[in-house]
$ cat protein-v7.txt   # compact mmCIF, C-alpha atoms
# COMPACT_ATOMS: atom_id res chain seq x y z
CA MET A 396 57.79 72.89 54.34
CA SER A 397 58.87 69.73 56.09
CA VAL A 398 62.01 69.41 58.16
CA GLU A 399 63.36 66.82 55.73
CA SER A 400 63.18 69.17 52.77
CA ARG A 401 65.45 71.63 54.62
CA SER A 402 68.03 69.04 55.58
CA PRO A 403 71.47 69.59 54.05
CA LEU A 404 71.74 65.88 53.31
CA ARG A 405 68.53 65.89 51.27
CA ALA A 406 69.70 69.02 49.51
CA ARG A 407 72.93 67.32 48.56
CA ARG A 408 71.14 64.23 47.28
CA ARG A 409 68.92 66.38 45.13
CA SER A 410 71.60 68.63 43.72
CA GLY A 411 74.25 65.90 43.57
CA ARG A 412 77.01 68.11 44.93
CA GLU A 413 78.44 68.80 48.33
CA PRO A 414 77.18 72.05 49.90
CA GLU A 415 80.00 74.16 51.32
CA HIS A 416 80.65 74.87 55.02
CA LEU A 417 78.69 72.00 56.41
CA ASP A 418 79.53 70.95 59.92
CA TYR A 419 78.79 67.28 60.54
CA SER A 420 80.38 67.20 63.96
CA GLU A 421 78.26 66.76 67.08
CA PRO A 422 76.96 70.03 68.56
CA ASP A 423 78.76 71.00 71.77
CA PHE A 424 75.95 70.33 74.26
CA SER A 425 78.21 71.04 77.24
CA SER A 426 78.25 74.77 76.56
CA TRP A 427 74.45 75.06 76.29
CA ALA A 428 73.82 75.08 80.00
CA ALA A 429 76.38 77.83 80.50
CA ARG A 430 74.83 79.91 77.73
CA LEU A 431 71.38 79.46 79.21
CA ALA A 432 72.62 80.61 82.60
CA GLU A 433 74.21 83.62 80.96
CA TYR A 434 71.07 84.73 79.17
CA THR A 435 68.48 84.07 81.88
CA PRO A 436 69.62 85.81 85.03
CA VAL A 437 67.62 84.68 88.06
CA GLY A 438 66.69 88.21 89.11
CA GLN A 439 65.02 88.98 85.76
CA ALA A 440 63.15 85.72 85.32
CA THR A 441 59.71 86.82 86.49
CA THR A 442 57.59 84.54 84.28
CA ALA A 443 56.06 81.23 85.25
CA ASP A 444 59.20 79.31 84.27
CA ALA A 445 61.38 81.28 86.70
CA PRO A 446 61.83 78.36 89.13
CA ALA A 447 62.88 76.15 86.25
CA ALA A 448 65.41 78.72 85.10
CA ALA A 449 66.74 79.09 88.61
CA ALA A 450 67.06 75.34 88.95
CA THR A 451 68.96 75.17 85.66
CA LEU A 452 71.25 77.97 86.81
CA SER A 453 72.07 76.36 90.12
CA ALA A 454 72.65 73.00 88.47
CA THR A 455 74.98 74.74 86.02
CA SER A 456 76.92 76.46 88.78
CA VAL A 457 77.45 73.16 90.55
CA VAL A 458 78.79 71.64 87.35
CA THR A 459 81.06 74.66 86.71
CA ALA A 460 82.40 74.64 90.26
CA ALA A 461 83.15 70.95 90.12
CA ALA A 462 84.81 71.24 86.74
CA ALA A 463 86.97 74.25 87.66
CA PRO A 464 90.60 73.19 87.93
CA ILE A 465 92.26 73.76 91.30
CA THR A 466 95.02 76.23 90.53
CA ASP A 467 95.61 77.54 94.06
CA ASP A 468 98.37 75.40 95.48
CA ARG A 469 99.34 77.74 98.32
CA PRO A 470 99.54 76.11 101.75
CA SER A 471 96.82 76.56 104.34
CA LEU A 472 96.87 79.53 106.69
CA GLU A 473 97.46 77.17 109.59
CA SER A 474 100.65 75.80 108.09
CA VAL A 475 101.97 79.25 107.13
CA LEU A 476 101.47 80.42 110.71
CA GLN A 477 103.14 77.29 112.07
CA GLU A 478 106.08 77.96 109.81
CA LEU A 479 106.26 81.60 110.92
CA LEU A 480 106.47 80.35 114.47
CA THR A 481 109.87 78.82 113.75
CA PHE A 482 111.89 82.01 114.30
CA ASP A 483 114.13 81.89 117.39
CA GLY A 484 112.37 82.79 120.61
CA ALA A 485 108.91 82.81 118.99
CA MET A 486 106.09 83.03 121.51
CA GLY A 487 103.12 83.46 119.24
CA VAL A 488 102.04 84.48 115.75
CA ALA A 489 98.64 85.49 114.43
CA LEU A 490 96.85 86.91 111.43
CA VAL A 491 94.69 89.80 112.62
CA ASP A 492 92.02 92.02 111.09
CA SER A 493 92.86 95.51 112.37
CA GLU A 494 89.38 96.84 111.66
CA THR A 495 87.79 94.57 114.22
CA GLY A 496 90.83 93.50 116.24
CA MET A 497 89.81 89.90 115.68
CA VAL A 498 92.26 87.07 115.18
CA LEU A 499 91.81 85.26 111.86
CA GLY A 500 94.32 82.57 112.71
CA LYS A 501 96.96 81.96 115.34
CA ALA A 502 99.76 79.65 116.39
CA GLY A 503 101.88 79.36 119.52
CA SER A 504 100.88 79.46 123.14
CA GLY A 505 103.44 81.70 124.86
CA VAL A 506 101.18 84.72 125.24
CA ASP A 507 97.55 85.80 125.28
CA ILE A 508 97.68 86.59 121.60
CA GLU A 509 93.99 87.49 121.26
CA LEU A 510 94.37 90.33 123.76
CA ALA A 511 97.73 91.47 122.40
CA ALA A 512 96.28 91.45 118.87
CA ALA A 513 93.47 93.76 119.95
CA GLY A 514 96.09 96.18 121.28
CA ALA A 515 98.18 95.92 118.13
CA SER A 516 95.09 96.63 116.02
CA VAL A 517 94.58 99.92 117.84
CA ILE A 518 98.20 100.85 117.12
CA LEU A 519 97.95 100.03 113.44
CA ARG A 520 94.60 101.80 113.04
CA ALA A 521 95.96 104.92 114.73
CA ARG A 522 98.93 104.88 112.44
CA LEU A 523 96.93 104.20 109.25
CA ALA A 524 94.50 107.00 110.13
CA SER A 525 97.30 109.50 110.65
CA THR A 526 99.07 108.43 107.48
CA ARG A 527 95.84 109.18 105.63
CA ALA A 528 95.59 112.54 107.42
CA LEU A 529 99.10 113.33 106.18
CA GLY A 530 97.77 112.76 102.68
CA ALA A 531 100.95 110.92 101.86
CA ALA A 532 101.06 107.89 99.63
CA GLU A 533 103.17 106.23 102.28
CA LYS A 534 102.33 102.62 102.98
CA ILE A 535 103.20 101.04 106.28
CA GLU A 536 105.51 98.12 105.71
CA ASP A 537 105.89 97.13 109.33
CA VAL A 538 105.92 98.31 112.91
CA LEU A 539 108.56 96.81 115.23
CA ILE A 540 107.92 97.21 118.92
CA SER A 541 110.60 96.44 121.51
CA LEU A 542 109.38 96.02 125.06
CA THR A 543 111.43 95.11 128.13
CA SER A 544 111.00 91.36 127.64
CA GLN A 545 109.32 91.03 124.23
CA VAL A 546 109.63 92.05 120.63
CA GLN A 547 106.53 92.40 118.49
CA ILE A 548 106.14 92.81 114.76
CA ILE A 549 103.05 94.19 113.08
CA HIS A 550 103.26 93.50 109.37
CA PRO A 551 100.29 94.61 107.21
CA LEU A 552 99.70 92.43 104.14
CA PRO A 553 100.59 94.28 100.92
CA SER A 554 97.39 92.94 99.34
CA ASN A 555 95.19 94.17 102.18
CA PRO A 556 96.79 96.67 104.59
CA SER A 557 94.01 96.38 107.16
CA ILE A 558 95.00 92.76 107.80
CA PHE A 559 98.35 92.13 109.43
CA THR A 560 100.59 89.30 110.52
CA TYR A 561 101.54 89.68 114.15
CA LEU A 562 104.65 88.09 115.63
CA ILE A 563 105.61 88.07 119.28
CA GLY A 564 109.04 86.88 120.38
CA ASP A 565 111.12 86.63 123.51
CA LYS A 566 113.47 89.61 123.40
CA ALA A 567 116.43 87.74 124.88
CA LYS A 568 116.21 84.90 122.36
CA SER A 569 114.91 86.36 119.14
CA SER A 570 116.45 88.34 116.36
CA LEU A 571 114.22 91.22 115.34
CA ALA A 572 115.73 91.31 111.86
CA MET A 573 115.15 87.58 111.28
CA ALA A 574 111.57 87.71 112.51
CA ARG A 575 110.93 90.70 110.30
CA TYR A 576 112.35 88.88 107.30
CA LYS A 577 110.15 85.87 107.98
CA ALA A 578 107.06 88.04 108.19
CA THR A 579 107.84 89.67 104.84
CA GLU A 580 108.71 86.42 103.18
CA ALA A 581 105.43 84.76 104.25
CA ASP A 582 103.25 87.40 102.51
CA PRO A 583 102.68 85.68 99.16
CA ARG A 584 101.83 82.38 100.83
CA ILE A 585 99.02 83.75 102.97
CA ARG A 586 95.67 82.78 101.51
CA LEU A 587 92.49 84.42 102.73
CA MET B 720 124.14 115.16 130.21
CA SER B 721 122.96 117.44 127.46
CA ASN B 722 119.97 119.63 126.82
CA VAL B 723 117.07 118.96 124.49
CA THR B 724 118.11 121.15 121.56
CA GLU B 725 121.66 119.82 121.48
CA SER B 726 120.50 116.22 121.62
CA LEU B 727 117.96 116.68 118.83
CA GLU B 728 120.48 118.53 116.66
CA ARG B 729 122.85 115.62 117.05
CA LEU B 730 120.17 113.13 115.97
CA VAL B 731 119.33 115.18 112.87
CA GLU B 732 122.97 115.07 111.83
CA LEU B 733 122.68 111.32 111.27
CA PRO B 734 122.78 110.27 107.60
CA GLY B 735 119.31 110.37 106.06
CA ALA B 736 117.64 111.99 109.08
CA ARG B 737 114.68 114.25 108.21
CA CYS B 738 113.62 115.50 111.57
CA ALA B 739 113.86 114.77 115.27
CA ALA B 740 111.50 115.83 117.99
CA LEU B 741 110.68 115.40 121.65
CA VAL B 742 106.95 114.88 122.15
CA ASP B 743 104.70 114.72 125.20
CA SER B 744 102.32 111.79 124.65
CA ASP B 745 99.88 113.04 127.29
CA SER B 746 99.07 116.08 125.19
CA GLY B 747 100.60 115.27 121.79
CA MET B 748 102.51 118.57 121.98
CA VAL B 749 106.00 118.96 120.55
CA LEU B 750 108.45 119.96 123.30
CA GLY B 751 111.34 120.56 120.93
CA HIS B 752 112.34 119.75 117.37
CA ALA B 753 115.21 119.91 114.92
CA GLY B 754 115.41 119.52 111.16
CA SER B 755 112.53 119.86 108.69
CA ASP B 756 109.21 120.52 110.40
CA ALA B 757 106.94 119.70 107.45
CA GLY B 758 104.07 117.63 108.83
CA LEU B 759 105.84 117.33 112.15
CA ASP B 760 102.76 118.17 114.22
CA ILE B 761 100.68 115.49 112.51
CA ALA B 762 103.48 112.94 112.74
CA ALA B 763 103.91 113.75 116.43
CA ALA B 764 100.19 113.35 117.03
CA ALA B 765 100.16 110.09 115.08
CA ASN B 766 102.99 108.64 117.11
CA THR B 767 101.34 109.88 120.28
CA GLU B 768 98.39 107.66 119.39
CA VAL B 769 100.72 104.75 118.78
CA VAL B 770 102.51 105.17 122.12
CA ARG B 771 99.24 105.57 124.02
CA ALA B 772 97.73 102.52 122.37
CA GLN B 773 100.80 100.46 123.20
CA LEU B 774 100.92 101.64 126.82
CA LYS B 775 97.23 100.80 127.17
CA SER B 776 97.74 97.39 125.59
CA ILE B 777 100.54 96.58 128.03
CA GLY B 778 98.29 97.71 130.89
CA THR B 779 95.49 95.43 129.67
CA LEU B 780 97.86 92.49 129.45
CA GLY B 781 98.89 93.11 133.07
CA SER B 782 102.52 92.94 132.05
CA ALA B 783 105.34 94.72 133.86
CA ASP B 784 106.99 95.52 130.51
CA THR B 785 107.80 99.02 129.36
CA ILE B 786 108.30 100.15 125.77
CA ASP B 787 111.93 100.28 124.69
CA ASP B 788 111.23 101.58 121.22
CA ILE B 789 108.90 101.35 118.24
CA LEU B 790 110.26 101.28 114.68
CA ILE B 791 107.83 101.98 111.87
CA THR B 792 108.82 101.17 108.29
CA MET B 793 106.93 102.93 105.51
CA SER B 794 107.44 103.08 101.75
CA THR B 795 110.10 105.80 101.87
CA GLN B 796 110.60 106.58 105.54
CA TYR B 797 111.57 105.07 108.87
CA ASP B 798 110.12 106.43 112.09
CA ILE B 799 111.80 105.69 115.40
CA VAL B 800 109.78 106.34 118.53
CA ARG B 801 111.45 105.93 121.89
CA PRO B 802 109.74 106.77 125.17
CA LEU B 803 112.28 108.19 127.63
CA ALA B 804 113.44 105.70 130.25
CA ALA B 805 113.11 108.40 132.90
CA ASN B 806 109.63 109.49 131.81
CA PRO B 807 107.73 107.11 129.49
CA SER B 808 105.01 109.61 128.67
CA ILE B 809 107.57 111.70 126.78
CA PHE B 810 109.10 110.22 123.65
CA LEU B 811 111.88 110.93 121.20
CA TYR B 812 110.83 110.83 117.57
CA LEU B 813 113.20 110.53 114.62
CA ALA B 814 112.09 110.41 110.98
CA MET B 815 114.56 109.18 108.38
CA ASP B 816 114.81 108.72 104.65
CA LYS B 817 114.63 104.99 104.06
CA ASN B 818 117.14 104.95 101.21
CA LYS B 819 119.82 107.00 102.92
CA SER B 820 119.74 105.87 106.50
CA ASN B 821 120.96 103.05 108.65
CA LEU B 822 118.16 101.90 110.93
CA ALA B 823 120.35 99.97 113.35
CA LEU B 824 122.77 102.87 113.82
CA ALA B 825 119.95 105.38 114.22
CA ARG B 826 118.24 103.16 116.75
CA PHE B 827 121.45 102.94 118.74
CA LYS B 828 121.95 106.72 118.59
CA VAL B 829 118.40 107.38 119.76
CA ALA B 830 118.94 105.02 122.71
CA GLU B 831 122.17 106.87 123.52
CA CYS B 832 120.37 110.20 123.30
CA ASP B 833 117.70 108.89 125.69
CA GLY B 834 120.39 108.15 128.27
CA GLN B 835 121.96 111.59 128.03
CA LEU B 836 118.90 113.76 127.75
CA GLN B 837 118.21 116.21 130.52
CA LEU B 838 114.81 117.85 130.68
$ encode --input "protein-v7.txt" --output "structure tokens"
Amino acid sequence: MSVESRSPLRARRRSGREPEHLDYSEPDFSSWAARLAEYTPVGQATTADAPAAAATLSATSVVTAAAAPITDDRPSLESVLQELLTFDGAMGVALVDSETGMVLGKAGSGVDIELAAAGASVILRARLASTRALGAAEKIEDVLISLTSQVQIIHPLPSNPSIFTYLIGDKAKSSLAMARYKATEADPRIRL
Amino acid sequence: MSNVTESLERLVELPGARCAALVDSDSGMVLGHAGSDAGLDIAAAANTEVVRAQLKSIGTLGSADTIDDILITMSTQYDIVRPLAANPSIFLYLAMDKNKSNLALARFKVAECDGQLQL
């Protein structure tokens, strides 16, 4: 049987009536690559055409990534930290990973924030560990530390409690309540 | 000047207060307490860790600062930790219900208690 004899157009010419449910629109070629990628995972392609499949997949991912709309319009971490630094008497702010004590981002130059952040990480870890030991569902919202000449705020992110924003201010000039408010208010704008 | 039990009793009378304690951060032992003692030992040990870590951090920074106080906000509770001015290795600890208490007032009262406490 030839291809022509199966064609809907030929069938219509022969029968003289319009077959139902015929789609004359162009096939959607753009979705083919995505479907191919879906059905030939790289890990399972063990045949001779595996490299070809992998190449197709990577080409597809590039296309998908480029085509994806940019929906994340939150500001950069740098600018959020700079904005946090605007509370009165601010000496330094940082975003810190308490598990490693490492600084993910920082702003301000009043103090050795890397070293202070390492200390603050120990405090938060100690506190998180004991909260777990208590078996309570209590979450730490923040830890405010007043020293002789400084105030410090450790504010774990609600989305990831092991990462915290860390604010250090001059005690004589800063308002603890205001700094605390700023730290809370910055949460949704922090992008990791 | 007032003794430990009296001072702690006065702190526990504050609105929303759950418990108050005097803790030795060298050993983590509770020297005296008032109010509910559910989980007090663990809370005391936890805050001991916090105070030690902070003292160590200050030492590392080579700063002459001392800790005035540490306020910890949790989902339903405030913790106030205040090392005594006379002896920073011993601290006052006050746990309060977040919905019923006034943090600023409690902080002030704990500072006042620190000044009057006689060991």
$ atom_distance --input "protein-v7.txt" --atom1 "atom CA of A:Asn555" --atom2 "atom CA of B:Ile789"
22.3 Å
$ closest_residue --input "protein-v7.txt" --among "B:Gly758, B:Leu836, B:Phe827, B:Leu803" --to "chain A" --atoms "all atoms listed in the file"
B:Gly758
$ atom_distance --input "protein-v7.txt" --atom1 "atom CA of A:Ile563" --atom2 "atom CA of A:Ser474"
17.3 Å
$ residues_around --input "protein-v7.txt" --residues "stretch 763-774 of chain B" --least-positions-apart "6" --cutoff "6 Å" --atoms "all atoms listed in the file" --output "number ranges by chain"
A: 518, 521-522, 525; B: 744, 747
$ interface_residues --input "protein-v7.txt" --of "chain A" --to "chain B" --cutoff "8 Å" --atoms "only C-alpha atoms" --output "VMD selection string"
chain A and resid 507 510 to 511 513 to 515 517 to 519 521 to 522 525 to 526 528 to 529 533 to 544
$ residues_near_point --input "protein-v7.txt" --point "(118.7, 108.3, 104.9)" --cutoff "8 Å" --atoms "all atoms listed in the file" --output "list in words"
Pro734, Gly735, Ala736, Arg737, Met815, Asp816, Lys817, Asn818, Lys819, Ser820 and Asn821 of chain B
$ atom_distance --input "protein-v7.txt" --atom1 "atom CA of A:Asp483" --atom2 "atom CA of A:Ala581"
16.0 Å
$ closest_residue --input "protein-v7.txt" --among "A:Thr560, A:Thr579, A:Gln545, A:Ser554" --to "A:Gly500" --atoms "only C-alpha atoms"
A:Thr560
$ axis_aligned_box --input "protein-v7.txt" --around "stretch 555-569 of chain A" --padding-each-side "8 Å" --output "JSON"
{"center_x": 105.2, "center_y": 90.8, "center_z": 113.5, "size_x": 38.4, "size_y": 27.8, "size_z": 38.7}
$ residues_around --input "protein-v7.txt" --residues "B:Ala740" --least-positions-apart "5" --cutoff "6 Å" --atoms "only C-alpha atoms" --output "list in words"
Gly751, His752, Leu811 and Tyr812 of chain B
$ residues_near_point --input "protein-v7.txt" --point "(89.8, 90.3, 110.4)" --cutoff "12 Å" --atoms "all atoms listed in the file" --output "PyMOL selection string"
chain A and resi 489-500+509+512-513+516+551-552+555-560+587
